[in-house]
Amino acid sequence: MELGARLLRDFYERPVLVVARDCIGKVLVHEAPEGLVAGRIVETEAYRGPEDLAAHSAKGRITERTRVMFGPPAHAYMFLLYGMHWAFNIVAGPEGHPHAVLVRALEPLVGVEIMAARRGVPAKSVTLCNGPGKLCAALGLDRSAYGLDLCTGPLYLAPGERGAVGRSPRINIDYAGAWVKKPWRFHERGNRYVSVPPRD
DNA sequence: GAATAGATTGTCT
DNA sequence: GACAATCTATTCT
């Protein structure tokens, strides 16, 4: 299958809300040892530190975990949540701005059998990649992907067809005060792989 | 179909 | 020592 050229650094170097929206429809590719796996991004969220209290980079805090967000764009920010699930983010915006795009759901395209084996569910199940923890498990992403450069590594974005994009508030960030209501979640309208479709 | 509880560990206070 | 950008199984209607 022809996946086209990978996206270059300038795609990620724009304002994080623009990047998050533009990621919808793009193809996330992982050239894993077991084989190529890829899926269309159908749901994302933007996190814009240091002012965004929902972001791990809130208040400009630099720690071992958030360090990569303060570096150049197009790198992978991985983090573990609830002690058992990994989540994948793309660092966006100019260097020095701790912004990131959380990829929340994929429509499986390539290597579906590999994903199914890693997830332990049937290959045609819609639950293969419809959530941050699920897509990381399906693509084989974990701590070892932390800090990978999407412009040079085995993990990258490729062009893809985009449908209508909807936006809604972000999910499970109830601790973030006024930032809870920001409509910084983007999704492809009508796509059945979106984790929690808002009313359209 | 909707709601709820339990799992399990790196990171930060 | 508390808690988290979640998922799944189980227990209700």
# chains A, B, ... in the order shown; residues from 1 in each chain; ligands from 1
>>> interface_residues(of="chain C", to="chain A", cutoff="7 Å", atoms="only C-alpha atoms (C1' of nucleotides)", output="list in words")
DA4, DA5 and DT6 of chain C
>>> closest_atom_pairs(of="chain B", to="chain A", cutoff="7 Å", atoms="only C-alpha atoms (C1' of nucleotides)", output="JSON lines")
{"residue": "B:DT8", "atom": "C1'", "partner": "A:Gly83", "partner_atom": "CA", "distance": 4.9}
{"residue": "B:DT9", "atom": "C1'", "partner": "A:Gly83", "partner_atom": "CA", "distance": 4.3}
{"residue": "B:DG10", "atom": "C1'", "partner": "A:Leu80", "partner_atom": "CA", "distance": 7.0}
>>> write_last_selection(atoms="N, CA and C atoms (P, O5', C5', C4', C3', O3' and C1' of nucleotides)", output="PDB file, in the first residue's frame")
ATOM      1  P    DT B   8      -3.688  -5.690  38.567  1.00  0.00           P
ATOM      2  O5'  DT B   8      -2.717  -4.449  38.479  1.00  0.00           O
ATOM      3  C5'  DT B   8      -2.528  -3.828  37.228  1.00  0.00           C
ATOM      4  C4'  DT B   8      -1.684  -2.585  37.399  1.00  0.00           C
ATOM      5  C3'  DT B   8      -0.526  -2.768  38.394  1.00  0.00           C
ATOM      6  O3'  DT B   8       0.614  -2.129  37.870  1.00  0.00           O
ATOM      7  C1'  DT B   8      -1.820  -0.928  39.026  1.00  0.00           C
ATOM      8  P    DT B   9       2.072  -2.765  38.365  1.00  0.00           P
ATOM      9  O5'  DT B   9       3.036  -1.524  38.123  1.00  0.00           O
ATOM     10  C5'  DT B   9       2.975  -0.821  36.893  1.00  0.00           C
ATOM     11  C4'  DT B   9       3.316   0.647  37.131  1.00  0.00           C
ATOM     12  C3'  DT B   9       4.440   0.878  38.145  1.00  0.00           C
ATOM     13  O3'  DT B   9       5.208   1.969  37.690  1.00  0.00           O
ATOM     14  C1'  DT B   9       2.596   2.131  38.741  1.00  0.00           C
ATOM     15  P    DG B  10       6.756   1.806  37.420  1.00  0.00           P
ATOM     16  O5'  DG B  10       7.106   3.187  36.695  1.00  0.00           O
ATOM     17  C5'  DG B  10       6.405   3.524  35.520  1.00  0.00           C
ATOM     18  C4'  DG B  10       6.093   5.000  35.484  1.00  0.00           C
ATOM     19  C3'  DG B  10       7.231   5.919  35.880  1.00  0.00           C
ATOM     20  O3'  DG B  10       7.143   7.058  35.040  1.00  0.00           O
ATOM     21  C1'  DG B  10       5.401   6.267  37.362  1.00  0.00           C
TER      22       DG B  10
END
>>> atom_distance(atom1="atom CA of Val196 of chain A", atom2="atom C1' of DG1 of chain B")
14.9 Å
>>> residues_around(residues="DT11 of chain C", least_positions_apart="2", cutoff="12 Å", atoms="only C-alpha atoms (C1' of nucleotides)", output="list in words")
DA2, DA3, DT4 and DA5 of chain B; DA9 and DT13 of chain C
>>> residues_around(residues="DG1 of chain C", least_positions_apart="2", cutoff="12 Å", atoms="only C-alpha atoms (C1' of nucleotides)", output="VMD selection string")
(chain B and resid 12 to 13) or (chain C and resid 3)
>>> select_by_dssp(residues="chain A", states="strand (DSSP E or B)", output="VMD selection string")
chain A and resid 27 to 32 35 to 48 75 to 81 85 to 92 99 to 110 149 155 to 158 165 to 168 185 to 188
>>> select_by_dssp(residues="segment 3-194 of chain A", states="helix (DSSP H, G or I)", output="ChimeraX atom specification")
/A:9-12,16-23,58-60,67-70,112-119,126-128,132-139,143-145,174-181
